[in-house]
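Notes follow once the structure below has been shown.
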Number of protein chains: 2
Amino acid sequence: MRVLGVDPGLTRCGLGVVEGSTGRPLTAVAVGVVRTAARTDLGARLVTIGAELDDWIDRYQPDAVAVERVFSQHNVRTVMGTAQVSGLAIVAATRRGIPVALHTPSEVKAAVTGSGRADKVQVTAMVVRLLRLGEQPSTPDAADALALAMCCIWRGAAVDRLTAAARAARADLSAAQAEVTT
Amino acid sequence: MRVLGVDPGLTRCGLGVVEGSTGRPLTAVAVGVVRTAARTDLGARLVTIGAELDDWIDRYQPDAVAVERVFSQHNVRTVMGTAQVSGLAIVAATRRGIPVALHTPSEVKAAVTGSGRADKVQVTAMVVRLLRLGEQPSTPDAADALALAMCCIWRGAAVDRLTAAARAARADLSAAQAEVTT
């Protein structure tokens, strides 16, 4: 399974592609940051980021796109731009029929470090270790994008296991009921 | 001058096209609301609204697109979707080289009613009167979209007058300086 993680932002938008499945080491396929200058027109910034998102999806053909779920409570000054960029990522994936997973920052931190309250340094260190990277990603946004993709692969697998367990339980239950009625 | 006004929203996105220039009565060319159901997937909702925005811009060929400036302070529960839709409108216009104007709700209310604190009923009543509409727009979102377009036409004209006045003042000043030096 290949996932593109997107840490949305107007000034820096982190992008990371991770491949693998649960129980095996994951691999980083690509990582990068799209930067746009604050002095530039908002429309031009959004169009630039949108074009990069399209380009990464077309180039890396992910099976899913994982986007950080933005909360309006956090960082009020920058939240509008962050929400706008997250919308572009969701639209770029949905237009191509690629499923979108939204993960909260604490889900991502918990998946990668074991603690939902880990700081950026801890997240980056675990991303480097788990993906066996030769060097640290250039910015925390790039590391966060890789962490998002890893979280999506692991949580997706966990959800699949739970769904399978629930299906098995329902099957068991209806078998038991069948026994009672006969 | 023809302007498409966009009152961004996930559940209801108001769209209104107004044509005219300052000093003459303005005309409503088209008005509508894009609705998406809250139970639908977020990606599908954003793609639907994005396609309608593209369609309206291509059909009505506006000279400018006026979008309500979203504040994170207002209505925290719905602000993320509103920001995402506003981003789609800004991108749809910018990709086509059409200028985008962002207006705050109080700028729009002041332009249309004379008061930045007017309520929805007052805004709708003034929109109906100023555009000589036969009936009220179906929802306040539709009326707001028309009001945004009207605000853009009037404020744009005001900005043009100020720019022209400033240019004339600078020309006067350099003429005066030329007189001093000769």
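Following the order of the structure tokens, chains are lettered A, B, ..., residues in each are numbered from 1, and ligands are numbered from 1.
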So that I can see what lies close to stretch 81-95 of chain A, please list as a tab-separated table (two decimals) with N, CA, C and O atoms, in the first residue's frame the residues with an atom at most 7 Å from it, counting only C-alpha atoms and leaving out residues fewer than 2 positions away in the same chain.
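Result saved to around34.tsv:
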```tsv
chain	number	residue	atom	x	y	z
A	8	PRO	N	-0.94	20.15	5.57
A	8	PRO	CA	-1.31	21.34	4.82
A	8	PRO	C	-0.82	22.64	5.45
A	8	PRO	O	-0.77	22.76	6.66
A	9	GLY	N	-0.44	23.58	4.60
A	9	GLY	CA	0.00	24.90	5.05
A	9	GLY	C	0.23	25.78	3.85
A	9	GLY	O	0.58	25.28	2.78
A	10	LEU	N	0.03	27.09	4.02
A	10	LEU	CA	0.22	28.02	2.90
A	10	LEU	C	1.69	28.35	2.70
A	10	LEU	O	2.17	28.39	1.58
A	46	LEU	N	-2.28	29.51	-3.65
A	46	LEU	CA	-3.14	28.32	-3.65
A	46	LEU	C	-3.01	27.55	-4.97
A	46	LEU	O	-2.98	26.31	-4.97
A	50	GLY	N	-1.80	23.75	-5.28
A	50	GLY	CA	-2.72	22.82	-5.93
A	50	GLY	C	-2.05	22.08	-7.07
A	50	GLY	O	-2.23	20.86	-7.24
A	53	LEU	N	0.26	19.44	-5.66
A	53	LEU	CA	-0.51	18.30	-5.14
A	53	LEU	C	-0.92	17.39	-6.30
A	53	LEU	O	-0.77	16.16	-6.24
A	54	ASP	N	-1.45	18.00	-7.38
A	54	ASP	CA	-1.84	17.22	-8.57
A	54	ASP	C	-0.63	16.44	-9.09
A	54	ASP	O	-0.73	15.25	-9.42
A	65	VAL	N	-4.71	9.09	0.17
A	65	VAL	CA	-4.08	10.36	0.54
A	65	VAL	C	-4.50	10.65	1.98
A	65	VAL	O	-5.69	10.63	2.31
A	67	VAL	N	-4.54	13.31	5.04
A	67	VAL	CA	-4.44	14.76	5.24
A	67	VAL	C	-4.64	15.06	6.72
A	67	VAL	O	-5.51	14.46	7.36
A	70	VAL	N	-7.69	19.62	10.27
A	70	VAL	CA	-7.40	20.94	10.82
A	70	VAL	C	-8.48	21.31	11.83
A	70	VAL	O	-9.66	21.12	11.58
A	78	THR	N	-3.23	31.31	11.31
A	78	THR	CA	-2.88	30.65	10.06
A	78	THR	C	-3.90	29.59	9.63
A	78	THR	O	-3.75	28.97	8.59
A	79	VAL	N	-4.95	29.42	10.45
A	79	VAL	CA	-5.84	28.27	10.23
A	79	VAL	C	-6.63	28.37	8.92
A	79	VAL	O	-6.92	27.35	8.30
A	97	GLY	N	-10.62	9.64	-7.67
A	97	GLY	CA	-11.18	8.42	-7.09
A	97	GLY	C	-10.28	7.78	-6.03
A	97	GLY	O	-10.43	6.61	-5.71
A	98	ILE	N	-9.34	8.56	-5.49
A	98	ILE	CA	-8.43	8.03	-4.47
A	98	ILE	C	-9.00	8.35	-3.09
A	98	ILE	O	-9.36	9.50	-2.82
A	99	PRO	N	-9.13	7.33	-2.19
A	99	PRO	CA	-9.71	7.61	-0.87
A	99	PRO	C	-8.86	8.56	-0.04
A	99	PRO	O	-7.64	8.55	-0.14
A	100	VAL	N	-9.54	9.37	0.76
A	100	VAL	CA	-8.88	10.35	1.62
A	100	VAL	C	-9.07	9.93	3.07
A	100	VAL	O	-10.18	9.58	3.48
B	43	GLY	N	-14.99	14.90	0.68
B	43	GLY	CA	-14.36	15.04	-0.63
B	43	GLY	C	-15.37	15.21	-1.74
B	43	GLY	O	-15.24	16.07	-2.61
B	44	ALA	N	-16.44	14.39	-1.70
B	44	ALA	CA	-17.49	14.46	-2.72
B	44	ALA	C	-18.19	15.82	-2.66
B	44	ALA	O	-18.52	16.41	-3.70
B	46	LEU	N	-16.89	18.73	-1.63
B	46	LEU	CA	-15.99	19.76	-2.16
B	46	LEU	C	-15.86	19.66	-3.67
B	46	LEU	O	-15.84	20.68	-4.37
B	47	VAL	N	-15.81	18.43	-4.20
B	47	VAL	CA	-15.70	18.26	-5.66
B	47	VAL	C	-16.96	18.79	-6.35
B	47	VAL	O	-16.88	19.46	-7.38
B	80	MET	N	-14.25	25.59	9.05
B	80	MET	CA	-13.27	24.86	8.25
B	80	MET	C	-13.83	24.59	6.84
B	80	MET	O	-13.14	24.80	5.85
B	83	ALA	N	-13.91	27.79	4.85
B	83	ALA	CA	-12.57	28.16	4.36
B	83	ALA	C	-12.19	27.29	3.17
B	83	ALA	O	-11.63	27.80	2.18
B	84	GLN	N	-12.51	26.00	3.23
B	84	GLN	CA	-12.16	25.10	2.12
B	84	GLN	C	-12.88	25.51	0.84
B	84	GLN	O	-12.29	25.54	-0.24
B	87	GLY	N	-11.40	28.66	-0.61
B	87	GLY	CA	-10.16	28.33	-1.32
B	87	GLY	C	-10.43	27.83	-2.72
B	87	GLY	O	-9.74	28.21	-3.67
```
- Compile the contact shell of B:Ser138 as JSON, numbers by chain: residues with an atom at most 12 Å away, counting only C-alpha atoms, same-chain residues fewer than 5 positions apart removed. {"B": [12, 14, 15, 16, 31, 32, 33, 34, 124, 128, 133, 143, 144, 145, 146]}
Serialized selection, N, CA, C and O atoms, as an mmCIF file, in the first residue's frame:
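Printed below is result.cif as written:
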```
data_model
loop_
_atom_site.group_PDB
_atom_site.id
_atom_site.type_symbol
_atom_site.label_atom_id
_atom_site.label_comp_id
_atom_site.auth_asym_id
_atom_site.auth_seq_id
_atom_site.Cartn_x
_atom_site.Cartn_y
_atom_site.Cartn_z
ATOM 1 N N ARG B 12 -24.563 25.113 2.074
ATOM 2 C CA ARG B 12 -25.149 26.005 1.069
ATOM 3 C C ARG B 12 -24.083 26.997 0.643
ATOM 4 O O ARG B 12 -23.550 27.730 1.481
ATOM 5 N N GLY B 14 -23.712 30.202 -1.751
ATOM 6 C CA GLY B 14 -24.466 31.167 -2.556
ATOM 7 C C GLY B 14 -23.643 31.675 -3.727
ATOM 8 O O GLY B 14 -22.456 31.945 -3.590
ATOM 9 N N LEU B 15 -24.285 31.799 -4.895
ATOM 10 C CA LEU B 15 -23.630 32.303 -6.105
ATOM 11 C C LEU B 15 -24.517 33.381 -6.715
ATOM 12 O O LEU B 15 -25.732 33.183 -6.845
ATOM 13 N N GLY B 16 -23.929 34.507 -7.100
ATOM 14 C CA GLY B 16 -24.712 35.580 -7.715
ATOM 15 C C GLY B 16 -23.876 36.373 -8.698
ATOM 16 O O GLY B 16 -22.740 36.730 -8.386
ATOM 17 N N VAL B 31 -28.548 34.003 -10.213
ATOM 18 C CA VAL B 31 -28.387 33.766 -8.779
ATOM 19 C C VAL B 31 -28.756 32.311 -8.489
ATOM 20 O O VAL B 31 -29.629 31.738 -9.155
ATOM 21 N N GLY B 32 -28.036 31.709 -7.541
ATOM 22 C CA GLY B 32 -28.321 30.308 -7.211
ATOM 23 C C GLY B 32 -27.606 29.879 -5.944
ATOM 24 O O GLY B 32 -26.819 30.632 -5.375
ATOM 25 N N VAL B 33 -27.920 28.668 -5.517
ATOM 26 C CA VAL B 33 -27.296 28.098 -4.323
ATOM 27 C C VAL B 33 -26.895 26.658 -4.639
ATOM 28 O O VAL B 33 -27.700 25.900 -5.185
ATOM 29 N N VAL B 34 -25.641 26.307 -4.330
ATOM 30 C CA VAL B 34 -25.211 24.912 -4.441
ATOM 31 C C VAL B 34 -25.372 24.283 -3.071
ATOM 32 O O VAL B 34 -24.830 24.794 -2.090
ATOM 33 N N THR B 124 -31.118 41.355 2.546
ATOM 34 C CA THR B 124 -31.952 40.781 1.486
ATOM 35 C C THR B 124 -32.903 41.840 0.918
ATOM 36 O O THR B 124 -33.044 41.962 -0.310
ATOM 37 N N VAL B 128 -32.938 43.109 -3.027
ATOM 38 C CA VAL B 128 -34.139 43.028 -3.866
ATOM 39 C C VAL B 128 -34.454 44.411 -4.466
ATOM 40 O O VAL B 128 -34.742 44.522 -5.664
ATOM 41 N N LEU B 133 -35.398 43.168 -8.150
ATOM 42 C CA LEU B 133 -35.757 41.759 -8.363
ATOM 43 C C LEU B 133 -37.261 41.582 -8.200
ATOM 44 O O LEU B 133 -37.882 42.234 -7.366
ATOM 45 N N ALA B 143 -28.793 35.839 -1.539
ATOM 46 C CA ALA B 143 -28.822 37.302 -1.421
ATOM 47 C C ALA B 143 -27.432 37.829 -1.072
ATOM 48 O O ALA B 143 -26.985 38.848 -1.627
ATOM 49 N N ASP B 144 -26.726 37.129 -0.170
ATOM 50 C CA ASP B 144 -25.376 37.548 0.217
ATOM 51 C C ASP B 144 -24.417 37.517 -0.966
ATOM 52 O O ASP B 144 -23.536 38.367 -1.077
ATOM 53 N N ALA B 145 -24.574 36.506 -1.825
ATOM 54 C CA ALA B 145 -23.696 36.398 -2.992
ATOM 55 C C ALA B 145 -23.912 37.589 -3.927
ATOM 56 O O ALA B 145 -22.948 38.183 -4.434
ATOM 57 N N LEU B 146 -25.185 37.980 -4.133
ATOM 58 C CA LEU B 146 -25.480 39.165 -4.952
ATOM 59 C C LEU B 146 -24.912 40.425 -4.287
ATOM 60 O O LEU B 146 -24.333 41.285 -4.952
#
```
- Task: Enumerate the residues of stretch 32-167 of chain B with a DSSP assignment of helix (DSSP H, G or I), computed from the backbone, and present them as a ChimeraX atom specification.
- Result: /B:42-60,79-95,105-113,120-130,140-167
- Message: Give me, as a list of chain:residue names, all polymer residues having an atom no more than 8 Å from B:Cys13, counting only C-alpha atoms and skipping those fewer than 6 positions away in the same chain.
- Response: B:Val6, B:Asp7, B:Val33, B:Val34, B:Arg35, B:Ile49, B:Asp141, B:Ala142
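One finds atom CA of A:Val123 at 15.0 Å from atom CA of A:His103.
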